[in-house]
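Shown below: work_13.csv, with CSV, C-alpha atoms.
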```csv
chain,number,residue,atom,x,y,z
A,221,MET,CA,50.2,-128.1,210.9
A,222,ARG,CA,50.0,-131.7,209.6
A,223,LYS,CA,51.4,-134.7,211.3
A,224,ARG,CA,54.5,-134.5,209.1
A,225,GLY,CA,55.1,-130.9,210.1
A,226,GLU,CA,53.8,-129.4,206.8
A,227,SER,CA,51.6,-126.3,206.9
A,228,GLN,CA,48.0,-126.4,205.6
A,229,ALA,CA,44.9,-124.2,205.6
A,230,PHE,CA,41.3,-124.7,204.8
A,231,VAL,CA,39.3,-121.9,203.4
A,232,VAL,CA,35.7,-121.6,202.3
A,233,LEU,CA,35.2,-120.2,198.7
A,234,GLU,CA,31.9,-118.6,197.9
A,235,ASP,CA,30.7,-117.5,194.5
A,236,GLY,CA,27.2,-116.2,195.3
A,237,ARG,CA,25.6,-119.4,194.3
A,238,GLY,CA,27.3,-121.8,196.7
A,239,ARG,CA,30.2,-122.6,198.9
A,240,ILE,CA,33.0,-125.1,198.8
A,241,GLU,CA,35.8,-126.0,201.2
A,242,CYS,CA,39.2,-125.6,199.7
A,243,ALA,CA,42.4,-127.1,201.1
A,244,PHE,CA,45.8,-125.5,200.6
A,245,PHE,CA,48.6,-127.9,201.6
A,246,SER,CA,52.3,-127.3,201.9
A,247,GLU,CA,53.8,-125.4,199.0
A,248,ALA,CA,50.4,-124.2,197.7
A,249,TRP,CA,49.6,-122.7,201.2
A,250,LEU,CA,53.1,-121.0,201.5
A,251,GLU,CA,52.8,-119.6,198.0
A,252,HIS,CA,49.2,-118.4,198.1
A,253,ALA,CA,48.6,-117.4,201.7
A,254,PRO,CA,48.7,-113.7,201.0
A,255,LEU,CA,45.8,-114.0,198.5
A,256,LEU,CA,43.5,-115.7,201.0
A,257,ALA,CA,42.4,-112.7,203.0
A,258,GLY,CA,38.7,-112.4,203.6
A,259,ASN,CA,36.4,-110.8,201.0
A,260,ARG,CA,38.9,-111.1,198.1
A,261,ILE,CA,38.1,-112.4,194.7
A,262,VAL,CA,40.4,-115.2,193.8
A,263,ILE,CA,40.7,-117.8,191.0
A,264,VAL,CA,41.6,-121.2,192.3
A,265,GLU,CA,42.8,-124.2,190.2
A,266,GLY,CA,42.8,-127.6,191.9
A,267,GLY,CA,41.3,-131.1,192.1
A,268,LEU,CA,37.7,-131.6,193.0
A,269,ARG,CA,36.8,-134.6,195.1
A,270,GLU,CA,33.8,-136.0,197.0
A,271,ASP,CA,34.0,-135.3,200.7
A,272,GLU,CA,32.8,-138.4,202.4
A,273,PHE,CA,32.5,-136.6,205.7
A,274,SER,CA,30.1,-133.9,204.6
A,275,GLY,CA,28.5,-135.6,201.6
A,276,GLY,CA,29.5,-132.7,199.4
A,277,PHE,CA,32.6,-131.8,197.5
A,278,SER,CA,35.9,-130.3,198.4
A,279,LEU,CA,38.7,-128.7,196.4
A,280,ARG,CA,42.4,-129.3,196.8
A,281,ALA,CA,44.2,-126.2,195.6
A,282,ARG,CA,47.2,-126.3,193.3
A,283,ARG,CA,47.4,-122.7,192.2
A,284,ALA,CA,45.6,-119.4,192.9
A,285,TRP,CA,45.5,-115.9,191.4
A,286,ASP,CA,44.1,-112.5,192.4
A,287,PHE,CA,41.1,-111.7,190.2
A,288,HIS,CA,41.9,-108.0,190.1
A,289,GLU,CA,45.3,-108.7,188.6
A,290,VAL,CA,44.1,-111.3,186.1
A,291,CYS,CA,41.3,-109.1,185.0
A,292,SER,CA,43.4,-106.0,184.5
A,293,GLN,CA,46.2,-108.0,182.7
A,294,SER,CA,44.0,-110.4,180.6
A,295,ALA,CA,40.8,-108.6,179.7
A,296,GLN,CA,40.6,-108.1,175.9
A,297,ARG,CA,37.1,-106.9,175.4
A,298,LEU,CA,34.3,-105.6,177.6
A,299,SER,CA,30.8,-106.3,176.1
A,300,LEU,CA,27.8,-104.5,177.5
A,301,ARG,CA,24.1,-105.2,176.5
A,302,LEU,CA,22.2,-101.9,177.0
A,303,ASP,CA,18.4,-101.5,177.0
A,304,LEU,CA,18.0,-98.0,175.4
A,305,ALA,CA,14.3,-98.0,176.5
A,306,ARG,CA,15.8,-97.0,179.9
A,307,ALA,CA,16.1,-93.2,179.9
A,308,GLY,CA,19.6,-91.9,180.3
A,309,ILE,CA,21.3,-95.3,180.2
A,310,LEU,CA,24.0,-94.3,177.7
A,311,ASP,CA,25.0,-91.2,179.8
A,312,ARG,CA,25.1,-93.2,183.1
A,313,VAL,CA,27.2,-96.0,181.5
A,314,GLU,CA,29.5,-93.5,179.9
A,315,ALA,CA,30.1,-91.8,183.2
A,316,LEU,CA,31.1,-95.1,184.8
A,317,LEU,CA,33.4,-96.0,181.9
A,318,ALA,CA,35.0,-92.5,181.8
A,319,ALA,CA,36.3,-93.1,185.3
A,320,HIS,CA,38.2,-96.1,184.0
A,321,ARG,CA,40.0,-94.5,181.0
A,322,PRO,CA,42.4,-94.7,179.5
A,323,GLY,CA,42.8,-98.4,179.3
A,324,ALA,CA,43.7,-101.3,177.1
A,325,THR,CA,40.4,-103.2,177.0
A,326,ALA,CA,38.3,-102.8,173.9
A,327,LEU,CA,34.6,-101.9,174.3
A,328,ARG,CA,31.6,-103.4,172.5
A,329,LEU,CA,28.1,-102.2,173.0
A,330,ASP,CA,25.1,-104.4,172.1
A,331,LEU,CA,22.2,-101.9,171.9
A,332,LEU,CA,18.6,-102.9,172.3
A,333,LEU,CA,16.4,-100.2,170.8
A,334,PRO,CA,12.8,-99.5,172.1
A,335,THR,CA,11.5,-100.6,168.7
A,336,GLY,CA,12.8,-104.1,169.3
A,337,ALA,CA,15.7,-103.7,166.8
A,338,ALA,CA,19.2,-104.3,168.0
A,339,GLY,CA,22.7,-103.4,166.9
A,340,THR,CA,26.3,-103.8,167.9
A,341,LEU,CA,29.0,-101.1,168.1
A,342,ASP,CA,32.7,-101.9,168.5
A,343,LEU,CA,34.3,-98.7,169.8
A,344,ASP,CA,37.7,-97.5,168.8
A,345,ALA,CA,40.8,-97.5,171.0
A,346,SER,CA,40.1,-94.1,172.4
A,347,SER,CA,37.1,-95.7,174.3
A,348,ALA,CA,39.1,-98.5,175.7
A,349,VAL,CA,38.9,-99.0,179.5
A,350,ARG,CA,40.7,-100.5,182.5
A,351,VAL,CA,38.6,-103.4,183.6
A,352,ASP,CA,38.4,-104.3,187.3
A,353,PRO,CA,35.8,-106.1,189.4
A,354,ASP,CA,34.6,-102.8,190.8
A,355,LEU,CA,33.7,-101.5,187.4
A,356,LEU,CA,32.0,-104.8,186.5
A,357,GLY,CA,29.9,-104.6,189.7
A,358,GLU,CA,28.9,-101.0,189.1
A,359,LEU,CA,27.8,-101.8,185.5
A,360,ARG,CA,25.8,-104.8,186.6
A,361,ALA,CA,24.0,-102.7,189.2
A,362,GLU,CA,23.0,-100.1,186.6
A,363,PRO,CA,19.3,-100.3,185.5
A,364,GLY,CA,19.2,-100.9,181.8
A,365,VAL,CA,22.4,-102.9,181.7
A,366,ARG,CA,21.2,-106.3,180.6
A,367,ALA,CA,24.5,-108.1,180.4
A,368,VAL,CA,28.2,-107.5,181.2
A,369,HIS,CA,30.8,-109.9,179.7
A,370,VAL,CA,34.6,-109.8,179.8
A,371,ALA,CA,36.5,-111.7,177.1
A,372,MET,CA,39.8,-112.8,178.6
A,373,GLY,CA,43.0,-113.3,176.6
A,374,ALA,CA,45.9,-115.2,178.1
A,375,ARG,CA,44.7,-117.1,181.1
A,376,PRO,CA,47.4,-117.9,183.7
A,377,TRP,CA,45.8,-121.2,184.5
A,378,ALA,CA,46.0,-122.3,180.9
A,379,THR,CA,49.8,-122.5,181.0
```

How would this structure read if it were set down as C-alpha coordinates?
Amino acid sequence: MRKRGESQAFVVLEDGRGRIECAFFSEAWLEHAPLLAGNRIVIVEGGLREDEFSGGFSLRARRAWDFHEVCSQSAQRLSLRLDLARAGILDRVEALLAAHRPGATALRLDLLLPTGAAGTLDLDASSAVRVDPDLLGELRAEPGVRAVHVAMGARPWAT
(Lines of atoms letter the chains of each structure in order from A and count residues from 1; the text may use other names and numbers.)
(Lines give C-alpha, C1' and ligand atoms only; values in the text may rest on other atoms or scores of the structure.)
Protein backbone atom coordinates (compact mmCIF):
# COMPACT_ATOMS: atom_id res chain seq x y z
CA MET A 1 0.00 0.00 0.00
CA ARG A 2 1.17 3.49 -0.81
CA LYS A 3 0.97 6.38 1.63
CA ARG A 4 -2.27 7.54 0.00
CA GLY A 5 -3.83 4.13 0.53
CA GLU A 6 -3.47 3.03 -3.11
CA SER A 7 -2.39 -0.50 -3.88
CA GLN A 8 0.82 -1.27 -5.71
CA ALA A 9 3.02 -4.20 -6.66
CA PHE A 10 6.52 -4.64 -7.94
CA VAL A 11 7.30 -7.63 -10.12
CA VAL A 12 10.44 -8.74 -11.88
CA LEU A 13 10.02 -9.46 -15.59
CA GLU A 14 12.52 -11.75 -17.27
CA ASP A 15 12.86 -12.54 -20.96
CA GLY A 16 15.80 -14.96 -20.96
CA ARG A 17 18.26 -12.16 -21.75
CA GLY A 18 17.74 -9.95 -18.73
CA ARG A 19 15.47 -8.77 -15.95
CA ILE A 20 13.67 -5.53 -15.20
CA GLU A 21 11.63 -4.40 -12.25
CA CYS A 22 8.10 -3.43 -13.21
CA ALA A 23 5.79 -1.38 -11.00
CA PHE A 24 2.03 -1.79 -11.13
CA PHE A 25 0.25 1.07 -9.37
CA SER A 26 -3.41 1.54 -8.42
CA GLU A 27 -5.73 0.76 -11.34
CA ALA A 28 -3.06 -1.12 -13.31
CA TRP A 29 -2.45 -3.40 -10.32
CA LEU A 30 -6.13 -4.01 -9.63
CA GLU A 31 -6.84 -4.78 -13.29
CA HIS A 32 -3.83 -6.97 -14.04
CA ALA A 33 -3.04 -8.73 -10.74
CA PRO A 34 -4.47 -12.09 -11.95
CA LEU A 35 -1.96 -12.11 -14.85
CA LEU A 36 1.05 -11.74 -12.61
CA ALA A 37 1.39 -15.25 -11.25
CA GLY A 38 4.87 -16.74 -11.35
CA ASN A 39 6.16 -18.34 -14.53
CA ARG A 40 3.55 -16.81 -16.83
CA ILE A 41 4.34 -15.18 -20.12
CA VAL A 42 2.93 -11.67 -20.24
CA ILE A 43 3.16 -8.67 -22.51
CA VAL A 44 3.49 -5.40 -20.62
CA GLU A 45 3.07 -1.88 -21.95
CA GLY A 46 4.43 0.95 -19.87
CA GLY A 47 6.89 3.74 -19.40
CA LEU A 48 10.60 3.03 -19.09
CA ARG A 49 12.67 5.19 -16.79
CA GLU A 50 16.14 5.24 -15.32
CA ASP A 51 16.23 3.90 -11.78
CA GLU A 52 18.58 6.17 -9.86
CA PHE A 53 18.72 3.77 -6.92
CA SER A 54 19.89 0.69 -8.85
CA GLY A 55 21.59 2.46 -11.76
CA GLY A 56 19.49 0.42 -14.20
CA PHE A 57 16.02 0.89 -15.59
CA SER A 58 12.53 0.22 -14.32
CA LEU A 59 9.18 -0.04 -16.03
CA ARG A 60 5.91 1.49 -14.86
CA ALA A 61 3.12 -0.68 -16.23
CA ARG A 62 0.01 0.76 -17.85
CA ARG A 63 -1.48 -2.37 -19.41
CA ALA A 64 -0.72 -6.10 -19.58
CA TRP A 65 -1.91 -9.10 -21.58
CA ASP A 66 -1.58 -12.86 -21.29
CA PHE A 67 0.70 -14.05 -24.09
CA HIS A 68 -1.26 -17.30 -24.57
CA GLU A 69 -4.43 -15.33 -25.31
CA VAL A 70 -2.73 -12.78 -27.57
CA CYS A 71 -0.93 -15.51 -29.45
CA SER A 72 -4.01 -17.63 -30.05
CA GLN A 73 -6.16 -14.63 -31.06
CA SER A 74 -3.68 -12.64 -33.15
CA ALA A 75 -1.28 -15.11 -34.80
CA GLN A 76 -1.75 -14.84 -38.57
CA ARG A 77 1.13 -16.93 -39.87
CA LEU A 78 3.63 -19.36 -38.39
CA SER A 79 6.86 -19.50 -40.40
CA LEU A 80 9.37 -22.29 -39.89
CA ARG A 81 12.84 -22.56 -41.43
CA LEU A 82 13.70 -26.25 -41.69
CA ASP A 83 17.08 -27.79 -42.48
CA LEU A 84 16.22 -30.82 -44.60
CA ALA A 85 19.75 -32.16 -44.14
CA ARG A 86 18.52 -33.31 -40.71
CA ALA A 87 17.01 -36.76 -41.24
CA GLY A 88 13.32 -37.01 -40.41
CA ILE A 89 12.82 -33.30 -39.71
CA LEU A 90 9.63 -33.04 -41.77
CA ASP A 91 8.04 -36.02 -40.01
CA ARG A 92 8.94 -34.73 -36.53
CA VAL A 93 7.67 -31.22 -37.25
CA GLU A 94 4.48 -32.57 -38.81
CA ALA A 95 3.82 -34.66 -35.70
CA LEU A 96 4.14 -31.55 -33.51
CA LEU A 97 1.89 -29.51 -35.81
CA ALA A 98 -0.74 -32.26 -36.10
CA ALA A 99 -1.38 -32.00 -32.36
CA HIS A 100 -2.33 -28.33 -32.89
CA ARG A 101 -4.85 -28.78 -35.69
CA PRO A 102 -7.33 -27.62 -36.70
CA GLY A 103 -6.45 -23.99 -36.27
CA ALA A 104 -6.65 -20.57 -37.86
CA THR A 105 -2.97 -19.69 -38.27
CA ALA A 106 -1.51 -20.16 -41.74
CA LEU A 107 1.71 -22.12 -42.08
CA ARG A 108 4.78 -21.24 -44.14
CA LEU A 109 7.77 -23.55 -44.50
CA ASP A 110 11.15 -22.18 -45.59
CA LEU A 111 13.05 -25.28 -46.63
CA LEU A 112 16.84 -25.48 -46.78
CA LEU A 113 17.88 -28.36 -49.01
CA PRO A 114 21.10 -30.34 -48.49
CA THR A 115 22.32 -29.06 -51.88
CA GLY A 116 22.25 -25.48 -50.58
CA ALA A 117 19.11 -24.59 -52.51
CA ALA A 118 16.14 -23.14 -50.64
CA GLY A 119 12.42 -22.82 -51.23
CA THR A 120 9.28 -21.57 -49.54
CA LEU A 121 5.92 -23.33 -49.26
CA ASP A 122 2.74 -21.59 -48.15
CA LEU A 123 0.43 -24.39 -47.07
CA ASP A 124 -3.34 -24.33 -47.58
CA ALA A 125 -5.94 -23.77 -44.88
CA SER A 126 -6.21 -27.48 -44.08
CA SER A 127 -2.69 -27.23 -42.62
CA ALA A 128 -3.46 -24.22 -40.39
CA VAL A 129 -2.60 -24.61 -36.72
CA ARG A 130 -3.48 -23.27 -33.26
CA VAL A 131 -0.45 -21.33 -32.12
CA ASP A 132 0.50 -21.24 -28.46
CA PRO A 133 3.79 -20.75 -26.62
CA ASP A 134 4.10 -24.48 -25.91
CA LEU A 135 4.07 -25.28 -29.62
CA LEU A 136 6.63 -22.57 -30.31
CA GLY A 137 8.94 -23.94 -27.61
CA GLU A 138 8.59 -27.51 -28.89
CA LEU A 139 9.40 -26.40 -32.43
CA ARG A 140 12.43 -24.36 -31.34
CA ALA A 141 13.79 -27.36 -29.42
CA GLU A 142 13.58 -29.63 -32.45
CA PRO A 143 16.98 -30.26 -34.13
CA GLY A 144 16.77 -29.05 -37.70
CA VAL A 145 14.35 -26.21 -36.99
CA ARG A 146 16.50 -23.18 -37.71
CA ALA A 147 13.91 -20.45 -37.06
CA VAL A 148 10.37 -20.05 -35.72
CA HIS A 149 8.53 -16.81 -36.39
CA VAL A 150 4.94 -15.80 -35.65
CA ALA A 151 3.45 -12.91 -37.65
CA MET A 152 0.87 -11.22 -35.49
CA GLY A 153 -2.23 -9.44 -36.74
CA ALA A 154 -4.19 -7.12 -34.50
CA ARG A 155 -2.06 -6.29 -31.50
CA PRO A 156 -4.08 -5.23 -28.46
CA TRP A 157 -1.37 -2.78 -27.40
CA ALA A 158 -1.63 -0.95 -30.75
CA THR A 159 -5.15 0.28 -29.98

Query raised in the report: Leaving out Leu250 in chain A and any residue of its chain fewer than 5 positions from it, which residues lie within 9 Å of it when counting all atoms listed in the file, given as a list in words?
Result: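 Using all atoms listed in the file, the neighbours found are Ser227, Gln228, Phe244 and Phe245 of chain A.
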
Query raised in the report: Skipping near chain neighbours, those fewer than 2 positions away, what residues fall within 10 Å of Asp330 in chain A using only C-alpha atoms, listed as a count of residues only?
Result: 15

Report task. Using only C-alpha atoms, collect all residues at a distance of at most 12 Å from (45.8, -111.1, 185.5) as written in the file, then present them as number ranges by chain. Result -> A: 262-263, 284-296, 351-353, 372-377

Can I get the selection written as a PDB file, in the coordinates of the input, with C-alpha atoms?
```pdb
ATOM      1  CA  VAL A 262      40.400-115.200 193.800  1.00  0.00           C
ATOM      2  CA  ILE A 263      40.700-117.800 191.000  1.00  0.00           C
ATOM      3  CA  ALA A 284      45.600-119.400 192.900  1.00  0.00           C
ATOM      4  CA  TRP A 285      45.500-115.900 191.400  1.00  0.00           C
ATOM      5  CA  ASP A 286      44.100-112.500 192.400  1.00  0.00           C
ATOM      6  CA  PHE A 287      41.100-111.700 190.200  1.00  0.00           C
ATOM      7  CA  HIS A 288      41.900-108.000 190.100  1.00  0.00           C
ATOM      8  CA  GLU A 289      45.300-108.700 188.600  1.00  0.00           C
ATOM      9  CA  VAL A 290      44.100-111.300 186.100  1.00  0.00           C
ATOM     10  CA  CYS A 291      41.300-109.100 185.000  1.00  0.00           C
ATOM     11  CA  SER A 292      43.400-106.000 184.500  1.00  0.00           C
ATOM     12  CA  GLN A 293      46.200-108.000 182.700  1.00  0.00           C
ATOM     13  CA  SER A 294      44.000-110.400 180.600  1.00  0.00           C
ATOM     14  CA  ALA A 295      40.800-108.600 179.700  1.00  0.00           C
ATOM     15  CA  GLN A 296      40.600-108.100 175.900  1.00  0.00           C
ATOM     16  CA  VAL A 351      38.600-103.400 183.600  1.00  0.00           C
ATOM     17  CA  ASP A 352      38.400-104.300 187.300  1.00  0.00           C
ATOM     18  CA  PRO A 353      35.800-106.100 189.400  1.00  0.00           C
ATOM     19  CA  MET A 372      39.800-112.800 178.600  1.00  0.00           C
ATOM     20  CA  GLY A 373      43.000-113.300 176.600  1.00  0.00           C
ATOM     21  CA  ALA A 374      45.900-115.200 178.100  1.00  0.00           C
ATOM     22  CA  ARG A 375      44.700-117.100 181.100  1.00  0.00           C
ATOM     23  CA  PRO A 376      47.400-117.900 183.700  1.00  0.00           C
ATOM     24  CA  TRP A 377      45.800-121.200 184.500  1.00  0.00           C
TER      25      TRP A 377
END
```

Query raised in the report: Taking into account only C-alpha atoms, which residue in the set A:Ala305, A:Glu270, A:Val232, A:His320 is nearest to Pro363 in chain A?
Result: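 Selected residue with least distance to Pro363 in chain A: A:Ala305.
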
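Among the candidate residues A:Asp354, A:Ser278, A:Leu233, A:Arg283, the one lying nearest to Glu251 in chain A is A:Arg283, with distances computed using all atoms listed in the file.
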
Query raised in the report: Which protein, DNA or RNA residues are at most 8 Å from (42.8, -130.4, 192.6) in the file's coordinates when you count only C-alpha atoms, listed as number ranges by chain?
Result: A: 265-269, 279-282

Applying 8 Å and all atoms listed in the file, which residues near Asp344 in chain A remain after dropping the ones on its own chain fewer than 2 positions away? List them as a JSON list (two decimals) with C-alpha atoms, keeping the file's coordinate frame.
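And here's part06.json as it stands now:
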```json
[["chain", "number", "residue", "atom", "x", "y", "z"],
["A", 326, "ALA", "CA", 38.30, -102.80, 173.90],
["A", 327, "LEU", "CA", 34.60, -101.90, 174.30],
["A", 342, "ASP", "CA", 32.70, -101.90, 168.50],
["A", 346, "SER", "CA", 40.10, -94.10, 172.40],
["A", 347, "SER", "CA", 37.10, -95.70, 174.30],
["A", 348, "ALA", "CA", 39.10, -98.50, 175.70]]
```

Query raised in the report: So how many Å separate CA of Glu241 in chain A and CA of Phe277 in chain A, to one decimal?
Result: 7.6 Å

Residue neighbourhood Leu317 in chain A, 8 Å, only C-alpha atoms, exclusion window fewer than 3 positions, as a PDB file with C-alpha atoms, in the coordinates of the input:
```pdb
ATOM      1  CA  VAL A 313      27.200 -96.000 181.500  1.00  0.00           C
ATOM      2  CA  GLU A 314      29.500 -93.500 179.900  1.00  0.00           C
ATOM      3  CA  HIS A 320      38.200 -96.100 184.000  1.00  0.00           C
ATOM      4  CA  ARG A 321      40.000 -94.500 181.000  1.00  0.00           C
ATOM      5  CA  VAL A 349      38.900 -99.000 179.500  1.00  0.00           C
ATOM      6  CA  LEU A 355      33.700-101.500 187.400  1.00  0.00           C
TER       7      LEU A 355
END
```

**Report entry** Which of A:Ala337, A:Leu298, A:Leu359, A:Ala318 sits closest to Ala371 in chain A [using all atoms listed in the file]
**Finding:** A:Leu298

Query raised in the report: Mind pulling up the distance from CA of Ala229 in chain A to CA of Leu255 in chain A?
Result: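 If I compute the distance from CA of Leu255 in chain A to CA of Ala229 in chain A, I get 12.5 Å.
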
Query raised in the report: Just how far from CA of Gly258 in chain A is CA of Glu234 in chain A, in Å to one decimal?
Result: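 Atom-to-atom, CA of Glu234 in chain A and CA of Gly258 in chain A are spaced 10.8 Å apart.
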
N, CA and C atoms are what I want for range 223-252 of chain A; can you complete it accordingly and write them as a PDB file, in the coordinates of the input?
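Saved the output as result14.pdb:
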```pdb
ATOM      1  N   LYS A 223      50.613-133.766 210.523  1.00  0.00           N
ATOM      2  CA  LYS A 223      51.400-134.700 211.300  1.00  0.00           C
ATOM      3  C   LYS A 223      52.888-134.635 210.939  1.00  0.00           C
ATOM      4  N   ARG A 224      53.134-134.478 209.626  1.00  0.00           N
ATOM      5  CA  ARG A 224      54.500-134.500 209.100  1.00  0.00           C
ATOM      6  C   ARG A 224      55.181-133.098 209.242  1.00  0.00           C
ATOM      7  N   GLY A 225      54.516-132.173 209.915  1.00  0.00           N
ATOM      8  CA  GLY A 225      55.100-130.900 210.100  1.00  0.00           C
ATOM      9  C   GLY A 225      54.845-129.899 208.945  1.00  0.00           C
ATOM     10  N   GLU A 226      54.066-130.290 207.960  1.00  0.00           N
ATOM     11  CA  GLU A 226      53.800-129.400 206.800  1.00  0.00           C
ATOM     12  C   GLU A 226      52.603-128.496 207.162  1.00  0.00           C
ATOM     13  N   SER A 227      52.670-127.289 206.626  1.00  0.00           N
ATOM     14  CA  SER A 227      51.600-126.300 206.900  1.00  0.00           C
ATOM     15  C   SER A 227      50.397-126.645 205.971  1.00  0.00           C
ATOM     16  N   GLN A 228      49.241-126.205 206.416  1.00  0.00           N
ATOM     17  CA  GLN A 228      48.000-126.400 205.600  1.00  0.00           C
ATOM     18  C   GLN A 228      47.007-125.342 206.072  1.00  0.00           C
ATOM     19  N   ALA A 229      46.029-125.120 205.217  1.00  0.00           N
ATOM     20  CA  ALA A 229      44.900-124.200 205.600  1.00  0.00           C
ATOM     21  C   ALA A 229      43.686-124.667 204.818  1.00  0.00           C
ATOM     22  N   PHE A 230      42.566-124.448 205.445  1.00  0.00           N
ATOM     23  CA  PHE A 230      41.300-124.700 204.800  1.00  0.00           C
ATOM     24  C   PHE A 230      40.520-123.410 204.760  1.00  0.00           C
ATOM     25  N   VAL A 231      40.052-123.088 203.578  1.00  0.00           N
ATOM     26  CA  VAL A 231      39.300-121.900 203.400  1.00  0.00           C
ATOM     27  C   VAL A 231      37.963-122.220 202.724  1.00  0.00           C
ATOM     28  N   VAL A 232      36.984-121.381 202.917  1.00  0.00           N
ATOM     29  CA  VAL A 232      35.700-121.600 202.300  1.00  0.00           C
ATOM     30  C   VAL A 232      35.603-120.566 201.134  1.00  0.00           C
ATOM     31  N   LEU A 233      35.391-121.081 199.926  1.00  0.00           N
ATOM     32  CA  LEU A 233      35.200-120.200 198.700  1.00  0.00           C
ATOM     33  C   LEU A 233      33.729-120.107 198.470  1.00  0.00           C
ATOM     34  N   GLU A 234      33.314-118.894 198.133  1.00  0.00           N
ATOM     35  CA  GLU A 234      31.900-118.600 197.900  1.00  0.00           C
ATOM     36  C   GLU A 234      31.789-117.834 196.587  1.00  0.00           C
ATOM     37  N   ASP A 235      30.853-118.213 195.716  1.00  0.00           N
ATOM     38  CA  ASP A 235      30.700-117.500 194.500  1.00  0.00           C
ATOM     39  C   ASP A 235      29.312-116.856 194.305  1.00  0.00           C
ATOM     40  N   GLY A 236      28.561-116.742 195.377  1.00  0.00           N
ATOM     41  CA  GLY A 236      27.200-116.200 195.300  1.00  0.00           C
ATOM     42  C   GLY A 236      26.157-117.194 195.020  1.00  0.00           C
ATOM     43  N   ARG A 237      26.544-118.362 194.548  1.00  0.00           N
ATOM     44  CA  ARG A 237      25.600-119.400 194.300  1.00  0.00           C
ATOM     45  C   ARG A 237      25.808-120.620 195.232  1.00  0.00           C
ATOM     46  N   GLY A 238      26.974-120.680 195.846  1.00  0.00           N
ATOM     47  CA  GLY A 238      27.300-121.800 196.700  1.00  0.00           C
ATOM     48  C   GLY A 238      28.632-121.620 197.366  1.00  0.00           C
ATOM     49  N   ARG A 239      28.959-122.582 198.230  1.00  0.00           N
ATOM     50  CA  ARG A 239      30.200-122.600 198.900  1.00  0.00           C
ATOM     51  C   ARG A 239      30.914-123.916 198.769  1.00  0.00           C
ATOM     52  N   ILE A 240      32.248-123.892 198.849  1.00  0.00           N
ATOM     53  CA  ILE A 240      33.000-125.100 198.800  1.00  0.00           C
ATOM     54  C   ILE A 240      34.242-124.948 199.702  1.00  0.00           C
ATOM     55  N   GLU A 241      34.576-126.007 200.432  1.00  0.00           N
ATOM     56  CA  GLU A 241      35.800-126.000 201.200  1.00  0.00           C
ATOM     57  C   GLU A 241      36.970-126.248 200.317  1.00  0.00           C
ATOM     58  N   CYS A 242      38.022-125.482 200.497  1.00  0.00           N
ATOM     59  CA  CYS A 242      39.200-125.600 199.700  1.00  0.00           C
ATOM     60  C   CYS A 242      40.426-125.778 200.584  1.00  0.00           C
ATOM     61  N   ALA A 243      41.187-126.829 200.334  1.00  0.00           N
ATOM     62  CA  ALA A 243      42.400-127.100 201.100  1.00  0.00           C
ATOM     63  C   ALA A 243      43.625-126.641 200.401  1.00  0.00           C
ATOM     64  N   PHE A 244      44.466-125.922 201.121  1.00  0.00           N
ATOM     65  CA  PHE A 244      45.800-125.500 200.600  1.00  0.00           C
ATOM     66  C   PHE A 244      46.809-126.220 201.465  1.00  0.00           C
ATOM     67  N   PHE A 245      47.571-127.117 200.851  1.00  0.00           N
ATOM     68  CA  PHE A 245      48.600-127.900 201.600  1.00  0.00           C
ATOM     69  C   PHE A 245      49.984-127.377 201.188  1.00  0.00           C
ATOM     70  N   SER A 246      50.894-127.503 202.104  1.00  0.00           N
ATOM     71  CA  SER A 246      52.300-127.300 201.900  1.00  0.00           C
ATOM     72  C   SER A 246      52.682-126.114 201.046  1.00  0.00           C
ATOM     73  N   GLU A 247      53.277-126.441 199.867  1.00  0.00           N
ATOM     74  CA  GLU A 247      53.800-125.400 199.000  1.00  0.00           C
ATOM     75  C   GLU A 247      52.655-124.470 198.495  1.00  0.00           C
ATOM     76  N   ALA A 248      51.475-125.036 198.196  1.00  0.00           N
ATOM     77  CA  ALA A 248      50.400-124.200 197.700  1.00  0.00           C
ATOM     78  C   ALA A 248      49.984-123.184 198.808  1.00  0.00           C
ATOM     79  N   TRP A 249      49.981-123.607 200.075  1.00  0.00           N
ATOM     80  CA  TRP A 249      49.600-122.700 201.200  1.00  0.00           C
ATOM     81  C   TRP A 249      50.714-121.610 201.304  1.00  0.00           C
ATOM     82  N   LEU A 250      51.971-122.008 201.322  1.00  0.00           N
ATOM     83  CA  LEU A 250      53.100-121.000 201.500  1.00  0.00           C
ATOM     84  C   LEU A 250      53.064-120.009 200.362  1.00  0.00           C
ATOM     85  N   GLU A 251      52.808-120.462 199.140  1.00  0.00           N
ATOM     86  CA  GLU A 251      52.800-119.600 198.000  1.00  0.00           C
ATOM     87  C   GLU A 251      51.632-118.636 197.925  1.00  0.00           C
ATOM     88  N   HIS A 252      50.462-119.120 198.295  1.00  0.00           N
ATOM     89  CA  HIS A 252      49.200-118.400 198.100  1.00  0.00           C
ATOM     90  C   HIS A 252      48.580-117.781 199.294  1.00  0.00           C
TER      91      HIS A 252
END
```
